[in-house]
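start-v6.tsv (TSV, C-alpha atoms and all ligand atoms) appears below.
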chain	number	residue	atom	x	y	z
A	1	MET	CA	43.01	129.25	35.17
A	2	SER	CA	41.58	132.63	34.21
A	3	THR	CA	42.13	134.54	30.98
A	4	HIS	CA	45.30	136.32	32.14
A	5	ILE	CA	46.41	134.27	35.17
A	6	ALA	CA	47.66	130.72	34.71
A	7	ALA	CA	47.12	129.50	38.29
A	8	GLU	CA	44.98	126.55	39.31
A	9	PRO	CA	42.21	127.34	41.80
A	10	GLY	CA	43.73	127.13	45.28
A	11	GLN	CA	47.19	128.26	44.16
A	12	VAL	CA	46.30	131.89	44.90
A	13	ALA	CA	45.93	132.92	48.56
A	14	PRO	CA	42.94	134.94	49.81
A	15	ILE	CA	45.40	137.66	50.91
A	16	MET	CA	47.13	139.50	48.07
A	17	LEU	CA	49.86	142.12	47.85
A	18	PHE	CA	49.51	143.94	44.53
A	19	PRO	CA	52.48	145.94	43.20
A	20	GLY	CA	52.43	147.44	39.70
A	21	ASP	CA	55.83	146.06	38.73
A	22	PRO	CA	56.01	142.27	38.23
A	23	LEU	CA	59.71	142.28	39.18
A	24	ARG	CA	58.75	144.04	42.41
A	25	ALA	CA	56.34	141.14	43.00
A	26	LYS	CA	59.29	138.74	42.59
A	27	TRP	CA	61.42	140.83	44.97
A	28	ILE	CA	58.62	140.89	47.58
A	29	ALA	CA	58.14	137.11	47.28
A	30	GLU	CA	61.88	136.40	47.59
A	31	THR	CA	62.48	138.92	50.39
A	32	PHE	CA	59.41	138.53	52.60
A	33	LEU	CA	57.67	135.22	51.90
A	34	GLU	CA	58.72	131.72	52.92
A	35	ASP	CA	58.45	128.85	50.41
A	36	ALA	CA	57.26	131.22	47.68
A	37	GLU	CA	56.17	129.51	44.46
A	38	LEU	CA	55.48	131.10	41.10
A	39	TYR	CA	51.87	130.44	40.05
A	40	SER	CA	51.70	132.51	36.86
A	41	GLN	CA	53.94	134.31	34.42
A	42	THR	CA	51.43	134.97	31.65
A	43	ARG	CA	52.54	138.12	29.78
A	44	GLY	CA	55.40	138.37	32.29
A	45	MET	CA	52.96	139.48	35.02
A	46	LEU	CA	54.46	137.35	37.77
A	47	GLY	CA	52.40	135.97	40.65
A	48	PHE	CA	53.71	134.07	43.69
A	49	THR	CA	52.24	132.42	46.78
A	50	GLY	CA	54.13	131.78	49.99
A	51	THR	CA	53.71	132.33	53.71
A	52	TRP	CA	54.38	135.28	55.97
A	53	GLU	CA	54.30	134.70	59.75
A	54	GLY	CA	52.19	131.59	59.14
A	55	HIS	CA	49.66	133.28	56.82
A	56	ARG	CA	49.34	132.23	53.17
A	57	VAL	CA	49.98	135.35	51.13
A	58	SER	CA	50.17	135.92	47.36
A	59	VAL	CA	51.84	138.74	45.50
A	60	GLN	CA	50.87	139.60	41.95
A	61	GLY	CA	51.99	142.31	39.53
A	62	SER	CA	49.16	144.50	38.26
A	63	GLY	CA	50.90	146.42	35.48
A	64	MET	CA	50.60	150.18	35.18
A	65	GLY	CA	47.33	152.08	34.96
A	66	GLN	CA	43.74	151.19	35.73
A	67	PRO	CA	42.95	149.13	32.60
A	68	SER	CA	45.81	146.69	33.29
A	69	MET	CA	45.27	146.66	37.05
A	70	ALA	CA	41.54	146.01	36.57
A	71	ILE	CA	42.16	142.89	34.45
A	72	TYR	CA	44.12	141.29	37.30
A	73	ALA	CA	41.91	142.61	40.12
A	74	ASN	CA	38.75	141.32	38.41
A	75	GLU	CA	40.24	137.87	37.79
A	76	LEU	CA	41.77	137.60	41.28
A	77	MET	CA	38.44	138.35	42.96
A	78	GLU	CA	36.10	136.64	40.46
A	79	SER	CA	38.08	133.46	39.64
A	80	TYR	CA	40.39	132.98	42.64
A	81	GLY	CA	38.28	134.33	45.53
A	82	VAL	CA	40.85	136.85	46.71
A	83	GLU	CA	39.38	138.59	49.76
A	84	THR	CA	42.01	141.18	50.66
A	85	ILE	CA	44.10	143.19	48.21
A	86	VAL	CA	46.75	145.65	49.33
A	87	ARG	CA	48.32	147.67	46.54
A	88	VAL	CA	51.95	148.45	47.32
A	89	GLY	CA	53.04	151.06	44.81
A	90	SER	CA	54.83	154.29	44.18
A	91	CYS	CA	53.42	157.76	43.70
A	92	GLY	CA	54.47	161.28	42.91
A	93	ALA	CA	54.04	163.90	45.68
A	94	LEU	CA	51.86	166.84	44.67
A	95	THR	CA	52.49	168.98	47.76
A	96	GLU	CA	55.39	169.94	50.02
A	97	ARG	CA	53.36	168.57	52.95
A	98	VAL	CA	54.72	165.22	51.73
A	99	ALA	CA	58.44	164.46	51.35
A	100	LEU	CA	60.31	162.11	49.08
A	101	ARG	CA	60.28	158.55	50.51
A	102	ASP	CA	57.24	159.25	52.71
A	103	ILE	CA	54.48	156.64	52.75
A	104	ILE	CA	50.89	157.52	51.85
A	105	ILE	CA	48.04	155.28	52.97
A	106	ALA	CA	45.20	156.21	50.61
A	107	ASN	CA	41.81	156.71	52.29
A	108	GLY	CA	40.27	157.48	48.90
A	109	ALA	CA	41.19	158.26	45.30
A	110	SER	CA	39.89	160.68	42.69
A	111	THR	CA	40.48	160.01	39.01
A	112	ASP	CA	40.37	161.46	35.53
A	113	SER	CA	39.71	157.97	34.18
A	114	ALA	CA	36.43	157.21	32.44
A	115	ILE	CA	36.24	153.82	34.18
A	116	ASN	CA	33.96	154.95	37.00
A	117	ARG	CA	31.95	157.35	34.82
A	118	VAL	CA	31.17	154.49	32.43
A	119	ARG	CA	30.28	152.18	35.31
A	120	PHE	CA	27.99	154.73	36.95
A	121	HIS	CA	26.56	156.36	33.80
A	122	GLY	CA	28.27	159.71	34.44
A	123	LEU	CA	27.79	159.80	38.22
A	124	ASP	CA	30.92	160.62	40.25
A	125	TYR	CA	31.28	157.57	42.50
A	126	ALA	CA	33.70	158.12	45.42
A	127	PRO	CA	36.09	155.13	45.72
A	128	VAL	CA	37.31	154.63	49.30
A	129	ALA	CA	39.61	152.27	51.18
A	130	ASP	CA	38.39	149.44	53.39
A	131	PHE	CA	38.24	151.00	56.84
A	132	GLY	CA	39.43	147.90	58.72
A	133	LEU	CA	42.51	147.58	56.50
A	134	LEU	CA	43.17	151.32	56.74
A	135	ARG	CA	42.95	151.19	60.52
A	136	ALA	CA	45.22	148.11	60.64
A	137	ALA	CA	47.82	149.80	58.39
A	138	VAL	CA	47.86	152.90	60.58
A	139	ALA	CA	48.21	150.70	63.69
A	140	ALA	CA	51.06	148.77	62.06
A	141	SER	CA	52.92	151.95	61.16
A	142	GLU	CA	52.49	153.29	64.69
A	143	ALA	CA	53.62	150.03	66.33
A	144	GLU	CA	56.76	149.84	64.18
A	145	PRO	CA	57.37	153.36	62.81
A	146	PRO	CA	59.23	153.38	59.48
A	147	ALA	CA	62.15	155.73	58.84
A	148	SER	CA	59.91	158.00	56.73
A	149	ALA	CA	56.71	159.82	57.70
A	150	VAL	CA	53.38	158.08	57.12
A	151	HIS	CA	50.41	160.10	55.86
A	152	VAL	CA	46.77	159.10	55.52
A	153	GLY	CA	45.02	161.00	52.75
A	154	PRO	CA	43.64	160.94	49.25
A	155	LEU	CA	45.45	160.14	46.02
A	156	PHE	CA	44.74	161.11	42.45
A	157	SER	CA	44.70	158.15	40.04
A	158	SER	CA	45.68	159.61	36.69
A	159	ASP	CA	45.25	157.91	33.33
A	160	GLN	CA	48.34	159.69	32.02
A	161	PHE	CA	51.81	159.50	33.56
A	162	TYR	CA	52.86	162.31	31.20
A	163	THR	CA	50.04	164.64	32.10
A	164	THR	CA	48.57	167.15	29.69
A	165	ARG	CA	46.60	168.75	32.53
A	166	ALA	CA	49.21	170.23	34.88
A	167	GLU	CA	46.71	172.93	35.87
A	168	LEU	CA	44.71	170.25	37.73
A	169	THR	CA	47.41	169.96	40.39
A	170	GLU	CA	46.54	173.22	42.18
A	171	PRO	CA	42.80	172.48	42.71
A	172	LEU	CA	43.57	168.86	43.65
A	173	VAL	CA	46.09	169.93	46.31
A	174	ARG	CA	43.70	172.65	47.45
A	175	HIS	CA	41.18	169.85	48.11
A	176	GLY	CA	43.64	167.80	50.13
A	177	VAL	CA	45.07	165.39	47.55
A	178	LEU	CA	48.60	164.31	48.52
A	179	GLY	CA	49.94	162.33	45.58
A	180	VAL	CA	49.43	161.03	42.08
A	181	GLU	CA	49.60	157.44	40.84
A	182	MET	CA	47.60	155.42	38.33
A	183	GLU	CA	45.65	152.54	39.93
A	184	THR	CA	43.99	153.16	43.32
A	185	SER	CA	40.64	154.60	42.21
A	186	GLY	CA	39.83	151.59	40.02
A	187	LEU	CA	41.03	149.12	42.64
A	188	TYR	CA	38.76	150.59	45.34
A	189	THR	CA	35.78	150.54	42.97
A	190	LEU	CA	36.30	146.90	41.99
A	191	ALA	CA	36.80	145.76	45.59
A	192	ALA	CA	33.55	147.50	46.52
A	193	TYR	CA	31.78	145.78	43.60
A	194	TYR	CA	32.96	142.32	44.71
A	195	GLY	CA	32.42	143.06	48.42
A	196	ARG	CA	36.12	142.52	49.16
A	197	ARG	CA	38.70	144.56	51.10
A	198	ALA	CA	41.22	146.82	49.38
A	199	LEU	CA	43.82	149.31	50.51
A	200	SER	CA	46.47	151.20	48.61
A	201	ILE	CA	49.79	152.16	50.18
A	202	CYS	CA	52.29	154.16	48.15
A	203	THR	CA	55.85	155.29	48.69
A	204	VAL	CA	56.70	158.71	47.28
A	205	SER	CA	59.19	157.95	44.51
A	206	ASP	CA	59.25	161.39	42.91
A	207	HIS	CA	58.27	164.91	43.93
A	208	LEU	CA	56.35	166.97	41.41
A	209	VAL	CA	56.94	170.23	43.32
A	210	THR	CA	60.68	169.96	44.01
A	211	GLY	CA	61.58	167.67	41.09
A	212	ALA	CA	63.45	165.30	43.47
A	213	GLU	CA	63.56	161.57	42.69
A	214	THR	CA	64.59	158.54	44.73
A	215	THR	CA	67.46	156.30	43.68
A	216	ALA	CA	66.81	152.64	43.00
A	217	HIS	CA	68.54	151.72	46.29
A	218	GLU	CA	66.43	154.17	48.31
A	219	ARG	CA	63.26	152.87	46.68
A	220	GLU	CA	64.15	149.34	47.76
A	221	GLN	CA	64.73	150.43	51.37
A	222	THR	CA	61.50	152.44	51.75
A	223	PHE	CA	59.57	149.86	49.79
A	224	GLY	CA	60.60	147.37	52.46
A	225	ASP	CA	59.02	149.50	55.19
A	226	MET	CA	55.84	149.78	53.14
A	227	ILE	CA	55.69	146.02	52.52
A	228	ARG	CA	55.98	145.31	56.26
A	229	ILE	CA	53.05	147.67	56.96
A	230	ALA	CA	51.05	146.06	54.15
A	231	LEU	CA	51.71	142.49	55.33
A	232	ARG	CA	50.84	143.33	58.94
A	233	ALA	CA	47.61	145.07	57.90
A	234	ALA	CA	46.54	142.42	55.38
A	235	THR	CA	47.00	139.56	57.86
A	236	SER	CA	45.54	141.25	60.95
A	301	LIG	N1	52.68	160.23	38.18
A	301	LIG	C1	51.87	159.19	38.01
A	301	LIG	N2	52.11	158.01	38.56
A	301	LIG	C2	53.22	157.89	39.31
A	301	LIG	C3	54.08	158.94	39.52
A	301	LIG	C4	53.81	160.18	38.92
A	301	LIG	O1	54.53	161.16	39.09
A	301	LIG	N3	55.11	158.49	40.31
A	301	LIG	C5	54.85	157.20	40.55
A	301	LIG	N4	53.71	156.83	39.97

Take the structure in the file and write it out as C-alpha cells.
Ligand code: HPA
Amino acid sequence: MSTHIAAEPGQVAPIMLFPGDPLRAKWIAETFLEDAELYSQTRGMLGFTGTWEGHRVSVQGSGMGQPSMAIYANELMESYGVETIVRVGSCGALTERVALRDIIIANGASTDSAINRVRFHGLDYAPVADFGLLRAAVAASEAEPPASAVHVGPLFSSDQFYTTRAELTEPLVRHGVLGVEMETSGLYTLAAYYGRRALSICTVSDHLVTGAETTAHEREQTFGDMIRIALRAATS
C-alpha cells in the first residue's frame, strides 16, 4: 500500500503499461490481458494486473501532466519495484512530417516544466528513453507493421494543454521535435533516477498544423496497434 495506490506488495507486476487515462487502463486490461484483476482504484486511477503471452503485466492510469504522472511513477518504482514502464499515450503532431494516427516512439523529451530544473538546480538535464526498450519497440513495429507510420523522435512535454506559448512550436520543430504531450520528460527522468527502464509511445490524436482530430473509434483502433508494440517491447 503506498500513498496513492491501494495494492499489496506483489499485486503489481514488474512490467507496467502506463496510459494517462484510467479508463484506457481498464480497456487495455480487458482487451489484452488474461485474468486481469483490479489492484487499485484510489482516486479513480485504476490499476490492473494480468498476463500477456505468459508474462505478468500491470496497467495503471497516470493522470494527465507530469505532477500526476510523477506521483504514480515514483510509487510504482519505489514501493512496488516496477522495473519497466511503457507509457502508452496520445500526442498532438507539431509537424506535417507526422500524420494523424501515426505512432511516435519517443527517444527523448524536452519540457517547459520546472520539474527537471528544480531537480537539477537550473541545469537542463536531457531525459532519454531506455535504449533496449526503444530498440525492442522499433523491432516489434517492423516485425508486425501497424496500419499507420511509426516514427522515432523527440517529443515536447508541455505543462499546459492550452498553451500560451504558441511561438515555441516553430523552434521546437526546427530542432526535430515531432509532437507534444504532457508526461514523457518527467517519466524518463524518474526512471533514470531509480535505475529502471522507461519508454513512451504515443499515437497522434490531433494535428496542431492541420487541425485534424481522430474520432473515438479511430483512436481505439490505432491505440490497439500501439499497445501491441508496447507489450512486445516491454516483455522482450
Ligand atoms: N497537447 C498536449 N498534449 C496532448 C495533445 C496536445 O495537443 N494531444 C494529446 N496530448

Quiz item: Out of A:Gly61, A:Pro67, A:Pro19, A:Gly47, which residue has the shortest atom-to-atom distance to Phe223 in chain A when counting all atoms listed in the file?
Solution: A:Pro19

Produce the centre coordinates and the three edge lengths, each in Å to one decimal, of the box along x, y and z that contains all listed atoms of ligand LIG 301 (chain A) with 5 Å added on each side, as AutoDock Vina command-line options.
--center_x 53.5 --center_y 159.0 --center_z 39.3 --size_x 13.2 --size_y 14.3 --size_z 12.5

Quiz item: Got a sec: who's within 7 Å of range 157-165 of chain A, counting only C-alpha atoms, leaving out chain neighbours fewer than 2 positions off, as a count of residues only?
Solution: 15

Quiz item: For Ala137 in chain A, which of A:Leu123, A:Val150, A:Val59, A:Ile5 is the closest residue, counting all atoms listed in the file?
Solution: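 When distances to Ala137 in chain A are compared using all atoms listed in the file, the smallest one comes from A:Val150.
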
Practice problem: Go through A:Thr222, A:Gln60, A:Thr214, A:Thr189 one by one, measure the shortest atom-to-atom distance of each to ligand LIG 301 (chain A) using all atoms listed in the file, and give the residue with the smallest value. | Solution: A:Thr214

Quiz item: With all atoms listed in the file as the basis for distance, which of A:Ala73, A:Ala234, A:Ala106, A:Leu17 is at the shortest distance from Val88 in chain A?
Solution: A:Leu17

Self-check item: Distance query range 203-213 of chain A at most 10 Å, only C-alpha atoms, self and fewer than 3 positions along chain excluded, as JSON, numbers by chain
Solution: {"A": [88, 89, 90, 91, 92, 93, 94, 95, 96, 98, 99, 100, 101, 102, 103, 104, 105, 148, 150, 169, 178, 179, 180, 181, 216, 218, 219, 222, 223, 224, 225, 226]}

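Using all atoms listed in the file, the shortest contact distance between ligand LIG 301 (chain A) and any of A:Met64, A:Ala7, A:Ala147, A:Ala136 is found at A:Met64.
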
Quiz item: Distance CA of Glu220 in chain A-CA of His151 in chain A, one decimal place?
Solution: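 So the answer is 19.2 Å.
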
Quiz item: Given the choices A:Asp35, A:Ser79, A:Glu170, A:Gly20, which gets closest to ligand LIG 301 (chain A) if the distance is worked out from all atoms listed in the file?
Solution: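 Among A:Asp35, A:Ser79, A:Glu170, A:Gly20, it is A:Gly20 that comes nearest to ligand LIG 301 (chain A).
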
Quiz item: Within 10 Å of Ala139 in chain A, counting only C-alpha atoms, which residues qualify if same-chain residues fewer than 5 places away don't, as a ChimeraX atom specification?
Solution: /A:133-134,144-145,229,232-233

Practice problem: Neighbourhood query: residues within 12 Å of (29.0, 158.5, 34.6), file coordinates, counting only C-alpha atoms; return as a list of chain:residue names. | Solution: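 These residues have at least one counted atom within 12 Å: A:Asp112, A:Ser113, A:Ala114, A:Ile115, A:Asn116, A:Arg117, A:Val118, A:Arg119, A:Phe120, A:His121, A:Gly122, A:Leu123, A:Asp124, A:Tyr125, A:Ala126.
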
Selection to disk with C-alpha atoms, as an mmCIF file, keeping the file's coordinate frame:
data_model
loop_
_atom_site.group_PDB
_atom_site.id
_atom_site.type_symbol
_atom_site.label_atom_id
_atom_site.label_comp_id
_atom_site.auth_asym_id
_atom_site.auth_seq_id
_atom_site.Cartn_x
_atom_site.Cartn_y
_atom_site.Cartn_z
ATOM 1 C CA ASP A 112 40.370 161.460 35.530
ATOM 2 C CA SER A 113 39.710 157.970 34.180
ATOM 3 C CA ALA A 114 36.430 157.210 32.440
ATOM 4 C CA ILE A 115 36.240 153.820 34.180
ATOM 5 C CA ASN A 116 33.960 154.950 37.000
ATOM 6 C CA ARG A 117 31.950 157.350 34.820
ATOM 7 C CA VAL A 118 31.170 154.490 32.430
ATOM 8 C CA ARG A 119 30.280 152.180 35.310
ATOM 9 C CA PHE A 120 27.990 154.730 36.950
ATOM 10 C CA HIS A 121 26.560 156.360 33.800
ATOM 11 C CA GLY A 122 28.270 159.710 34.440
ATOM 12 C CA LEU A 123 27.790 159.800 38.220
ATOM 13 C CA ASP A 124 30.920 160.620 40.250
ATOM 14 C CA TYR A 125 31.280 157.570 42.500
ATOM 15 C CA ALA A 126 33.700 158.120 45.420
#

Quiz item: Expressed in Å to a single decimal, how great is the separation between CA of Tyr193 in chain A and CA of Gly132 in chain A?
Solution: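 These two atoms are separated by 17.1 Å.
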
Practice problem: Record the distance separating CA of Leu76 in chain A and CA of His4 in chain A, expressed in Å with one decimal. | Solution: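 If I compute the distance from CA of Leu76 in chain A to CA of His4 in chain A, I get 9.9 Å.
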
Quiz prompt | Polymer residues at most 8 Å from Gly50 in chain A, all atoms listed in the file, same-chain spacing of 2 or more positions, as a list in words | solution =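 Contacts, with the query itself left out: Ala29, Leu33, Glu34, Asp35, Ala36, Glu37, Phe48, Trp52, Arg56, Val57 and Ser58 of chain A.
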
The selected residues should be written to file as an mmCIF file, in the frame of the given file (atoms: C-alpha atoms).
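Contents of part30.cif, as written:
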data_model
loop_
_atom_site.group_PDB
_atom_site.id
_atom_site.type_symbol
_atom_site.label_atom_id
_atom_site.label_comp_id
_atom_site.auth_asym_id
_atom_site.auth_seq_id
_atom_site.Cartn_x
_atom_site.Cartn_y
_atom_site.Cartn_z
ATOM 1 C CA ALA A 29 58.140 137.110 47.280
ATOM 2 C CA LEU A 33 57.670 135.220 51.900
ATOM 3 C CA GLU A 34 58.720 131.720 52.920
ATOM 4 C CA ASP A 35 58.450 128.850 50.410
ATOM 5 C CA ALA A 36 57.260 131.220 47.680
ATOM 6 C CA GLU A 37 56.170 129.510 44.460
ATOM 7 C CA PHE A 48 53.710 134.070 43.690
ATOM 8 C CA TRP A 52 54.380 135.280 55.970
ATOM 9 C CA ARG A 56 49.340 132.230 53.170
ATOM 10 C CA VAL A 57 49.980 135.350 51.130
ATOM 11 C CA SER A 58 50.170 135.920 47.360
#
